[in-house]
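J.: Pasting target_35.txt here (compact mmCIF, C-alpha atoms and all ligand atoms):
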# COMPACT_ATOMS: atom_id res chain seq x y z
CA MET A 8 -56.05 -42.53 -38.20
CA GLN A 9 -55.32 -38.98 -39.21
CA LYS A 10 -55.18 -38.01 -35.57
CA LYS A 11 -52.71 -40.76 -34.67
CA TYR A 12 -50.44 -39.75 -37.55
CA GLY A 13 -50.49 -36.14 -36.44
CA MET A 14 -49.61 -37.17 -32.92
CA ARG A 15 -46.60 -39.11 -34.22
CA ILE A 16 -45.33 -36.13 -36.17
CA LEU A 17 -45.77 -33.93 -33.13
CA LEU A 18 -43.88 -36.44 -31.02
CA LEU A 19 -41.11 -36.64 -33.58
CA VAL A 20 -40.81 -32.86 -33.70
CA LEU A 21 -40.75 -32.63 -29.94
CA THR A 22 -38.14 -35.38 -29.63
CA SER A 23 -35.87 -33.79 -32.20
CA LEU A 24 -36.31 -30.41 -30.53
CA LEU A 25 -35.31 -31.98 -27.24
CA PHE A 26 -32.33 -33.61 -28.91
CA VAL A 27 -31.22 -30.29 -30.39
CA LEU A 28 -31.58 -28.60 -27.02
CA VAL A 29 -29.69 -31.29 -25.18
CA SER A 30 -26.89 -31.45 -27.71
CA CYS A 31 -26.63 -27.65 -27.78
CA GLY A 32 -26.28 -27.62 -24.02
CA GLY A 33 -23.73 -30.40 -24.24
CA GLU A 34 -21.83 -28.56 -26.87
CA SER A 35 -21.57 -25.35 -24.94
CA ASP A 36 -20.50 -27.32 -21.89
CA SER A 37 -17.69 -28.96 -23.75
CA THR A 38 -16.59 -25.60 -25.18
CA ASN A 39 -16.30 -24.30 -21.64
CA GLU A 40 -14.29 -27.26 -20.63
CA THR A 41 -11.88 -26.97 -23.52
CA GLY A 42 -11.74 -23.23 -22.90
CA SER A 43 -10.66 -23.60 -19.31
CA ASP A 44 -8.40 -26.48 -20.18
CA THR A 45 -6.37 -24.43 -22.60
CA ASN A 46 -6.23 -21.31 -20.38
CA LYS A 47 -3.91 -21.51 -17.41
CA GLU A 48 -5.67 -21.61 -14.08
CA GLU A 49 -6.80 -18.06 -13.38
CA GLN A 50 -4.35 -16.03 -11.27
CA LYS A 51 -5.60 -14.55 -8.03
CA LYS A 52 -5.91 -10.76 -8.22
CA LEU A 53 -5.40 -8.52 -5.22
CA ILE A 54 -6.10 -4.80 -4.90
CA ALA A 55 -3.43 -2.85 -3.03
CA GLY A 56 -4.33 0.54 -1.56
CA THR A 57 -1.77 3.28 -1.04
CA ASP A 58 -1.22 6.97 -0.38
CA ALA A 59 0.78 7.96 -3.45
CA THR A 60 2.21 11.18 -2.00
CA TYR A 61 5.31 9.67 -0.48
CA ALA A 62 8.15 9.63 -2.98
CA PRO A 63 10.37 7.70 -3.42
CA MET A 64 8.22 4.99 -1.81
CA GLU A 65 4.87 5.63 -3.51
CA SER A 66 3.91 8.55 -5.72
CA MET A 67 2.14 9.44 -8.95
CA ASP A 68 4.29 9.90 -12.02
CA LYS A 69 3.53 12.37 -14.84
CA ASN A 70 1.22 9.87 -16.52
CA GLY A 71 -0.83 9.39 -13.36
CA GLU A 72 0.71 6.00 -12.69
CA ILE A 73 1.50 4.89 -9.16
CA VAL A 74 5.24 4.24 -8.93
CA GLY A 75 7.96 3.85 -6.31
CA ILE A 76 10.09 1.51 -4.23
CA ASP A 77 7.07 0.12 -2.37
CA ILE A 78 5.34 -0.53 -5.69
CA ASP A 79 8.42 -2.34 -7.06
CA ILE A 80 8.55 -4.41 -3.89
CA VAL A 81 4.89 -5.42 -4.09
CA ASN A 82 5.23 -6.26 -7.79
CA ALA A 83 8.17 -8.52 -6.94
CA ILE A 84 6.18 -10.12 -4.10
CA ALA A 85 3.25 -10.72 -6.47
CA LYS A 86 5.50 -12.36 -9.00
CA ALA A 87 7.16 -14.56 -6.38
CA ALA A 88 3.88 -15.65 -4.79
CA ASP A 89 2.07 -15.89 -8.15
CA PHE A 90 -0.75 -13.37 -7.90
CA GLU A 91 -1.82 -10.34 -9.88
CA VAL A 92 -1.90 -6.93 -8.23
CA GLU A 93 -3.61 -3.64 -8.98
CA PHE A 94 -2.75 -0.43 -7.13
CA LYS A 95 -5.34 2.08 -5.99
CA ASN A 96 -4.52 5.56 -4.70
CA ILE A 97 -6.70 5.91 -1.62
CA GLY A 98 -4.91 8.54 0.51
CA TRP A 99 -3.39 8.12 3.96
CA GLU A 100 -6.26 8.50 6.41
CA PRO A 101 -8.90 6.72 4.30
CA LEU A 102 -6.48 3.83 3.73
CA PHE A 103 -7.09 2.27 7.14
CA PRO A 104 -10.91 2.05 6.80
CA ALA A 105 -10.45 0.94 3.17
CA VAL A 106 -8.58 -2.16 4.41
CA ASP A 107 -11.21 -2.73 7.07
CA ASN A 108 -14.20 -2.56 4.75
CA ASP A 109 -12.58 -4.68 2.01
CA GLU A 110 -12.31 -1.86 -0.50
CA VAL A 111 -8.72 -3.07 -0.89
CA ASP A 112 -7.15 -6.43 -0.04
CA PHE A 113 -4.11 -4.89 1.62
CA ALA A 114 -2.28 -1.59 2.06
CA VAL A 115 1.26 -0.73 1.01
CA SER A 116 2.22 2.76 2.09
CA SER A 117 5.47 2.80 4.03
CA ILE A 118 3.35 1.77 6.98
CA THR A 119 5.33 1.32 10.17
CA ILE A 120 4.35 -1.73 12.17
CA THR A 121 3.34 -0.41 15.59
CA ASP A 122 1.77 -2.15 18.60
CA LYS A 123 -1.19 0.19 18.40
CA ARG A 124 -1.87 -0.56 14.74
CA GLU A 125 -1.44 -4.26 15.40
CA GLU A 126 -4.45 -4.08 17.70
CA SER A 127 -6.65 -3.33 14.69
CA PHE A 128 -4.80 -4.82 11.70
CA ASP A 129 -2.50 -7.67 10.77
CA PHE A 130 0.95 -6.97 9.34
CA THR A 131 3.29 -9.01 7.20
CA GLU A 132 6.89 -9.62 8.09
CA PRO A 133 8.88 -6.37 7.89
CA TYR A 134 10.32 -5.55 4.48
CA TYR A 135 11.96 -2.14 5.03
CA VAL A 136 13.64 -0.30 7.88
CA ALA A 137 13.39 3.45 8.39
CA ASN A 138 13.51 6.15 11.07
CA GLN A 139 12.20 9.61 11.71
CA ILE A 140 14.22 12.62 10.66
CA ILE A 141 13.75 16.37 11.15
CA LEU A 142 13.59 18.86 8.32
CA VAL A 143 14.37 22.49 9.20
CA PRO A 144 15.18 25.68 7.28
CA GLU A 145 18.88 25.91 6.50
CA ASP A 146 19.46 28.77 8.98
CA SER A 147 17.54 27.13 11.82
CA ASP A 148 19.09 26.91 15.29
CA ILE A 149 17.42 23.57 15.92
CA LYS A 150 20.10 20.91 16.52
CA GLU A 151 18.22 17.92 17.86
CA PHE A 152 14.78 16.55 18.51
CA ALA A 153 14.59 17.89 22.09
CA ASP A 154 14.92 21.42 20.66
CA LEU A 155 11.46 21.07 19.15
CA LYS A 156 9.81 21.11 22.57
CA ASP A 157 8.42 24.65 22.40
CA ARG A 158 8.34 25.08 18.64
CA LYS A 159 5.67 24.68 16.03
CA VAL A 160 6.26 21.36 14.27
CA SER A 161 4.49 19.82 11.29
CA ALA A 162 3.97 16.20 10.26
CA GLN A 163 1.61 14.11 8.19
CA ILE A 164 -1.44 13.38 10.31
CA ASN A 165 -1.56 10.06 12.18
CA THR A 166 1.86 8.96 11.00
CA THR A 167 4.64 7.87 13.32
CA GLY A 168 6.15 11.34 12.77
CA HIS A 169 2.97 12.85 14.20
CA ILE A 170 3.11 10.44 17.13
CA VAL A 171 6.74 11.26 18.12
CA ILE A 172 5.88 14.98 18.09
CA GLN A 173 2.80 14.35 20.21
CA ASP A 174 4.98 12.48 22.70
CA LEU A 175 7.36 15.43 22.95
CA LEU A 176 4.92 18.37 22.75
CA GLY A 177 1.84 16.79 24.31
CA LYS A 178 -0.96 15.07 22.45
CA THR A 179 -3.19 18.11 22.14
CA SER A 180 -0.49 20.75 21.79
CA LYS A 181 -1.49 23.68 19.60
CA ASN A 182 2.07 23.73 18.29
CA ILE A 183 1.47 20.60 16.25
CA VAL A 184 0.59 21.23 12.62
CA ALA A 185 -0.93 18.01 11.29
CA ALA A 186 -1.18 18.00 7.51
CA GLU A 187 -3.04 15.63 5.22
CA THR A 188 0.11 14.65 3.29
CA MET A 189 3.85 14.85 3.88
CA PRO A 190 4.38 17.36 1.04
CA PHE A 191 1.75 19.60 2.71
CA ALA A 192 3.52 19.20 6.06
CA ILE A 193 6.79 20.31 4.44
CA GLU A 194 5.00 23.23 2.81
CA GLU A 195 3.78 24.39 6.23
CA MET A 196 7.41 24.56 7.29
CA LEU A 197 8.51 26.40 4.16
CA ASN A 198 5.65 28.88 4.60
CA GLY A 199 6.80 29.59 8.12
CA ASN A 200 3.74 27.99 9.74
CA ALA A 201 6.07 25.50 11.41
CA GLU A 202 9.74 25.65 12.40
CA ALA A 203 10.39 22.02 11.63
CA SER A 204 8.79 19.05 9.98
CA VAL A 205 9.16 15.42 11.07
CA GLY A 206 8.79 12.42 8.79
CA ASP A 207 10.38 9.21 7.51
CA ASN A 208 14.03 9.52 6.40
CA SER A 209 13.27 7.96 3.00
CA THR A 210 10.86 10.72 2.06
CA ILE A 211 12.62 13.71 3.63
CA ASN A 212 15.97 12.78 2.10
CA GLU A 213 14.29 12.39 -1.28
CA TYR A 214 12.68 15.81 -0.85
CA ILE A 215 16.06 17.45 -0.21
CA LYS A 216 17.57 15.62 -3.17
CA ASN A 217 14.78 16.69 -5.53
CA ASN A 218 14.64 20.30 -4.34
CA PRO A 219 18.21 21.60 -4.31
CA ASP A 220 16.92 25.18 -4.49
CA VAL A 221 14.95 24.91 -1.27
CA LYS A 222 17.00 26.10 1.67
CA ALA A 223 16.35 23.27 4.10
CA LYS A 224 18.45 20.63 5.86
CA ALA A 225 17.80 17.32 7.55
CA ILE A 226 18.71 16.54 11.16
CA GLU A 227 19.21 12.98 12.38
CA ASP A 228 18.63 12.16 16.04
CA ASP A 229 19.63 8.99 17.85
CA SER A 230 16.55 9.10 20.04
CA PHE A 231 14.38 8.02 17.12
CA GLU A 232 13.79 4.30 17.14
CA LYS A 233 14.09 2.07 14.11
CA GLU A 234 10.78 1.58 12.34
CA TYR A 235 9.85 -1.42 10.23
CA TYR A 236 7.45 -1.21 7.31
CA GLY A 237 4.93 -3.99 6.75
CA LEU A 238 2.05 -4.63 4.40
CA MET A 239 -1.24 -4.25 6.23
CA VAL A 240 -4.26 -6.54 5.93
CA LYS A 241 -7.62 -6.77 7.62
CA LYS A 242 -7.49 -8.64 10.94
CA GLU A 243 -7.70 -12.37 10.45
CA ASN A 244 -7.38 -12.23 6.67
CA THR A 245 -4.88 -15.06 6.89
CA GLU A 246 -5.25 -16.04 3.23
CA VAL A 247 -3.89 -12.71 1.96
CA LEU A 248 -1.42 -12.40 4.85
CA GLU A 249 0.12 -15.79 4.12
CA LEU A 250 0.34 -15.11 0.40
CA LEU A 251 2.11 -11.79 1.02
CA ASN A 252 4.47 -13.33 3.58
CA GLU A 253 5.31 -16.12 1.16
CA GLY A 254 6.29 -13.52 -1.43
CA ILE A 255 8.30 -11.46 1.06
CA GLU A 256 10.19 -14.52 2.22
CA LYS A 257 11.00 -15.49 -1.36
CA ILE A 258 12.29 -12.06 -2.38
CA LYS A 259 14.30 -11.80 0.82
CA GLU A 260 15.92 -15.15 0.12
CA SER A 261 16.60 -14.41 -3.54
CA GLY A 262 18.20 -11.07 -2.68
CA GLU A 263 15.67 -9.23 -4.83
CA LEU A 264 14.32 -7.18 -1.92
CA GLU A 265 17.74 -5.84 -1.06
CA GLU A 266 18.36 -5.16 -4.73
CA ILE A 267 15.25 -2.97 -4.89
CA THR A 268 15.72 -1.08 -1.61
CA GLY A 269 19.48 -1.10 -1.14
CA ILE A 270 18.80 -1.90 2.52
CA ALA A 271 19.09 -5.21 4.35
CA VAL A 272 16.21 -5.92 6.71
CA GLU A 273 17.09 -8.09 9.76
N1 LIG B 1 6.00 5.27 8.25
C1 LIG B 1 5.12 6.28 8.66
C2 LIG B 1 3.92 5.69 9.37
O1 LIG B 1 3.62 4.58 9.22
C3 LIG B 1 4.65 7.18 7.55
C4 LIG B 1 3.99 6.52 6.40
C5 LIG B 1 3.29 7.48 5.48
N2 LIG B 1 3.05 6.88 4.23
C6 LIG B 1 2.46 7.49 3.20
N3 LIG B 1 2.38 6.88 2.07
N4 LIG B 1 1.99 8.68 3.35
O2 LIG B 1 3.22 6.35 10.08
Would you mind writing the file out in C-alpha cells?
T.:
Amino acid sequence: MQKKYGMRILLLVLTSLLFVLVSCGGESDSTNETGSDTNKEEQKKLIAGTDATYAPMESMDKNGEIVGIDIDIVNAIAKAADFEVEFKNIGWEPLFPAVDNDEVDFAVSSITITDKREESFDFTEPYYVANQIILVPEDSDIKEFADLKDRKVSAQINTTGHIVIQDLLGKTSKNIVAAETMPFAIEEMLNGNAEASVGDNSTINEYIKNNPDVKAKAIEDDSFEKEYYGLMVKKENTEVLELLNEGIEKIKESGELEEITGIAVE
C-alpha cells in the first residue's frame, strides 16, 4: 500500500516535470516566432573588399573610414537592391585572392573589366568609364605616350596602367617601376626614380588638384582606350552578381549613378 502510494507520487512528480519541460520549450518556441514576426526579414549582408589608396574613388579618411565615389556607388547599389554592405580595406594585390577564397563577397576598387581578368572572375555591368593618363614633372619634355619608350616609368603593380607600360616598354623591361600603390608610384616619379607615372585619370587628376604645390602635369593621349569599371565577384557566384547588377541597373535608371559620378556610362 505504502509502496503503491509512493509510486503514484513519483509518477505525478515526473508528469508535472514533463509538463513544465514541454511548456517551457513551447514557450521559448513561441517567443522566437513572435520575435521573428515583429522583426523585418533579416537583410542580406555582403562584404566588399577594396584598396583604399585610390582617391577620389576609394581612400581612408582621417577617422580611418573608407570613403569615395566607389563607396558612394556601392552604398547606392546596396540600397537599391536591398542588402547591407560592409567595406574592408584589403589592398590591391591581395584583393584578387580575397575574392577567390571568399574572404570578401565582391571587390570594388576602380577595377577595369579586362578580357584577361574575365578569365578568372565575373564582373558586373560597367558603372564608370575612365582612361589612362600620364603624370610627368612640370618641366618634362615628354609630350605623348610614345615618348615613354626609353624612359623609366612607374605605375601601380598589376593595374591597367602597368599593363600599357609593359606593352610599350616590354613586359620585363627594367625601366618599369611597379609600386604597391598609386601614391607610391607617384612618389617614385617625384623622387626622380621614374620620369613619368601612368594611372587612371580619376586618380591622377585628383592628385594634381590636391597637391597644387607639386610641380607636375598630366598628359592625355588618344592612344589610350576607354576602360570600364565593374564590381568583381568570384567566378560563378551568380547570386551576388545578379544582386549587384540589379542595383546597378536601378541606380542607372534613376539617374543616381550619374549624380554620384558626374559621368554617363553607355
Ligand atoms: N583601373 C585600374 C585597373 O583596374 C586601376 C585600379 C586601381 N585601383 C585601386 N583601388 N588601387 O587596373
J.: A:Gln173: which residues within 12 Å, counting all atoms listed in the file, same-chain residues fewer than 2 positions away excluded, as a VMD selection string?
T.: chain A and resid 155 to 157 159 to 162 164 to 171 175 to 185 205
J.: Neighbours of ligand LIG 1 (chain B) within 6 Å, counting only C-alpha atoms and all ligand atoms, as a list in words?
T.: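 The distance check yields Asp58, Ala59, Thr60, Tyr61, Trp99, Ser116, Ser117, Ile118, Thr119, Thr166, Thr167 and Asp207 of chain A.
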J.: Could you state the separation of atom CA of A:Glu213 and atom CA of A:Val111 in Å, given to one decimal place?
T.: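 One can read the atom CA of A:Glu213 to atom CA of A:Val111 distance as 27.7 Å.
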J.: Give as a PyMOL selection string every residue, naming chains and numbers as the document does, that has an atom within 12 Å of (-0.7, 3.7, -4.6), counting only C-alpha atoms.
T.: chain A and resi 54-68+71-79+81+92-99+102+111+113-117
J.: Write the residues of the preceding selection, restricted to C-alpha atoms, as a PDB file, keeping the file's coordinate frame.
T.:
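Generated file (selection-v9.pdb):
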ATOM      1  CA  ILE A  54      -6.100  -4.800  -4.900  1.00  0.00           C
ATOM      2  CA  ALA A  55      -3.430  -2.850  -3.030  1.00  0.00           C
ATOM      3  CA  GLY A  56      -4.330   0.540  -1.560  1.00  0.00           C
ATOM      4  CA  THR A  57      -1.770   3.280  -1.040  1.00  0.00           C
ATOM      5  CA  ASP A  58      -1.220   6.970  -0.380  1.00  0.00           C
ATOM      6  CA  ALA A  59       0.780   7.960  -3.450  1.00  0.00           C
ATOM      7  CA  THR A  60       2.210  11.180  -2.000  1.00  0.00           C
ATOM      8  CA  TYR A  61       5.310   9.670  -0.480  1.00  0.00           C
ATOM      9  CA  ALA A  62       8.150   9.630  -2.980  1.00  0.00           C
ATOM     10  CA  PRO A  63      10.370   7.700  -3.420  1.00  0.00           C
ATOM     11  CA  MET A  64       8.220   4.990  -1.810  1.00  0.00           C
ATOM     12  CA  GLU A  65       4.870   5.630  -3.510  1.00  0.00           C
ATOM     13  CA  SER A  66       3.910   8.550  -5.720  1.00  0.00           C
ATOM     14  CA  MET A  67       2.140   9.440  -8.950  1.00  0.00           C
ATOM     15  CA  ASP A  68       4.290   9.900 -12.020  1.00  0.00           C
ATOM     16  CA  GLY A  71      -0.830   9.390 -13.360  1.00  0.00           C
ATOM     17  CA  GLU A  72       0.710   6.000 -12.690  1.00  0.00           C
ATOM     18  CA  ILE A  73       1.500   4.890  -9.160  1.00  0.00           C
ATOM     19  CA  VAL A  74       5.240   4.240  -8.930  1.00  0.00           C
ATOM     20  CA  GLY A  75       7.960   3.850  -6.310  1.00  0.00           C
ATOM     21  CA  ILE A  76      10.090   1.510  -4.230  1.00  0.00           C
ATOM     22  CA  ASP A  77       7.070   0.120  -2.370  1.00  0.00           C
ATOM     23  CA  ILE A  78       5.340  -0.530  -5.690  1.00  0.00           C
ATOM     24  CA  ASP A  79       8.420  -2.340  -7.060  1.00  0.00           C
ATOM     25  CA  VAL A  81       4.890  -5.420  -4.090  1.00  0.00           C
ATOM     26  CA  VAL A  92      -1.900  -6.930  -8.230  1.00  0.00           C
ATOM     27  CA  GLU A  93      -3.610  -3.640  -8.980  1.00  0.00           C
ATOM     28  CA  PHE A  94      -2.750  -0.430  -7.130  1.00  0.00           C
ATOM     29  CA  LYS A  95      -5.340   2.080  -5.990  1.00  0.00           C
ATOM     30  CA  ASN A  96      -4.520   5.560  -4.700  1.00  0.00           C
ATOM     31  CA  ILE A  97      -6.700   5.910  -1.620  1.00  0.00           C
ATOM     32  CA  GLY A  98      -4.910   8.540   0.510  1.00  0.00           C
ATOM     33  CA  TRP A  99      -3.390   8.120   3.960  1.00  0.00           C
ATOM     34  CA  LEU A 102      -6.480   3.830   3.730  1.00  0.00           C
ATOM     35  CA  VAL A 111      -8.720  -3.070  -0.890  1.00  0.00           C
ATOM     36  CA  PHE A 113      -4.110  -4.890   1.620  1.00  0.00           C
ATOM     37  CA  ALA A 114      -2.280  -1.590   2.060  1.00  0.00           C
ATOM     38  CA  VAL A 115       1.260  -0.730   1.010  1.00  0.00           C
ATOM     39  CA  SER A 116       2.220   2.760   2.090  1.00  0.00           C
ATOM     40  CA  SER A 117       5.470   2.800   4.030  1.00  0.00           C
TER      41      SER A 117
END
J.: Would you compute the distance between atom CA of A:Asp122 and atom CA of A:Val272? Give it in Å to one decimal.
T.: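 The value is 19.1 Å.
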J.: Hey, which bits of stretch 194-243 of chain A sit within 7 Å of stretch 132-136 of chain A, and for each residue what's the closest pair of atoms and how far apart in Å (one decimal), counting all atoms listed in the file, rows by chain and increasing number, as JSON lines?
T.:
{"residue": "A:Lys233", "atom": "CA", "partner": "A:Val136", "partner_atom": "CA", "distance": 6.7}
{"residue": "A:Glu234", "atom": "CA", "partner": "A:Val136", "partner_atom": "CA", "distance": 5.6}
{"residue": "A:Tyr235", "atom": "CA", "partner": "A:Val136", "partner_atom": "CA", "distance": 4.6}
{"residue": "A:Tyr236", "atom": "CA", "partner": "A:Tyr135", "partner_atom": "CA", "distance": 5.1}
{"residue": "A:Gly237", "atom": "CA", "partner": "A:Pro133", "partner_atom": "CA", "distance": 4.8}
J.: For A:Pro104, which of A:Gln50, A:Ile80, A:Glu273, A:Ser127 is the closest residue, counting only C-alpha atoms?
T.: A:Ser127
J.: Identify the residues within 9 Å of coordinate (8.7, 14.7, 7.6) (same frame as the file), considering only C-alpha atoms, and give the answer as a list in words.
T.: Gln139, Ile140, Ile141, Leu142, Ser161, Ala162, Gln163, Gly168, His169, Met189, Pro190, Ala192, Ile193, Ala203, Ser204, Val205, Gly206, Asp207, Asn208, Thr210 and Ile211 of chain A
J.: Can you list, as a PyMOL selection string, every protein, DNA or RNA residue that comes within 8 Å of A:Ala85 when you count all atoms listed in the file, leaving out same-chain residues fewer than 6 positions away?
T.: chain A and resi 91-92+251+254
J.: Please report the interatomic distance between atom CA of A:Lys242 and atom CA of A:Phe103 in Å with one decimal.
T.: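 Computed distance, atom CA of A:Lys242 to atom CA of A:Phe103, equals 11.6 Å.
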J.: From the set A:Ile258, A:Leu264, A:Ile270, A:Leu197, which residue has the shortest atom-to-atom contact distance to A:Ala87, counting only C-alpha atoms?
T.: A:Ile258
J.: For each of A:Asp112, A:Pro219, A:Asn200, A:Ile84, take the minimum atom-to-atom distance to A:Glu145, counting all atoms listed in the file, then give the residue where this is smallest.
T.: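 Looking only at the distances to A:Glu145, the closest residue turns out to be A:Pro219.
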J.: I'd like to know which of A:Ala83, A:Asp148, A:Asn138, A:Ile226 is closest to A:Glu265, using all atoms listed in the file.
T.: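 Looking only at the distances to A:Glu265, the closest residue turns out to be A:Ala83.
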J.: Measuring between only C-alpha atoms, which one of A:Lys52, A:Lys224, A:Arg158, A:Lys257 shows the shortest distance to A:Ala201?
T.: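 Under the stated criterion, the closest residue is A:Arg158.
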J.: Quick one: axis-aligned box around all listed atoms of stretch 142-153 of chain A, 3 Å on every side, centre and edge lengths in Å to one decimal, written as JSON.
T.:
{"center_x": 16.8, "center_y": 22.7, "center_z": 14.3, "size_x": 12.5, "size_y": 18.2, "size_z": 21.6}
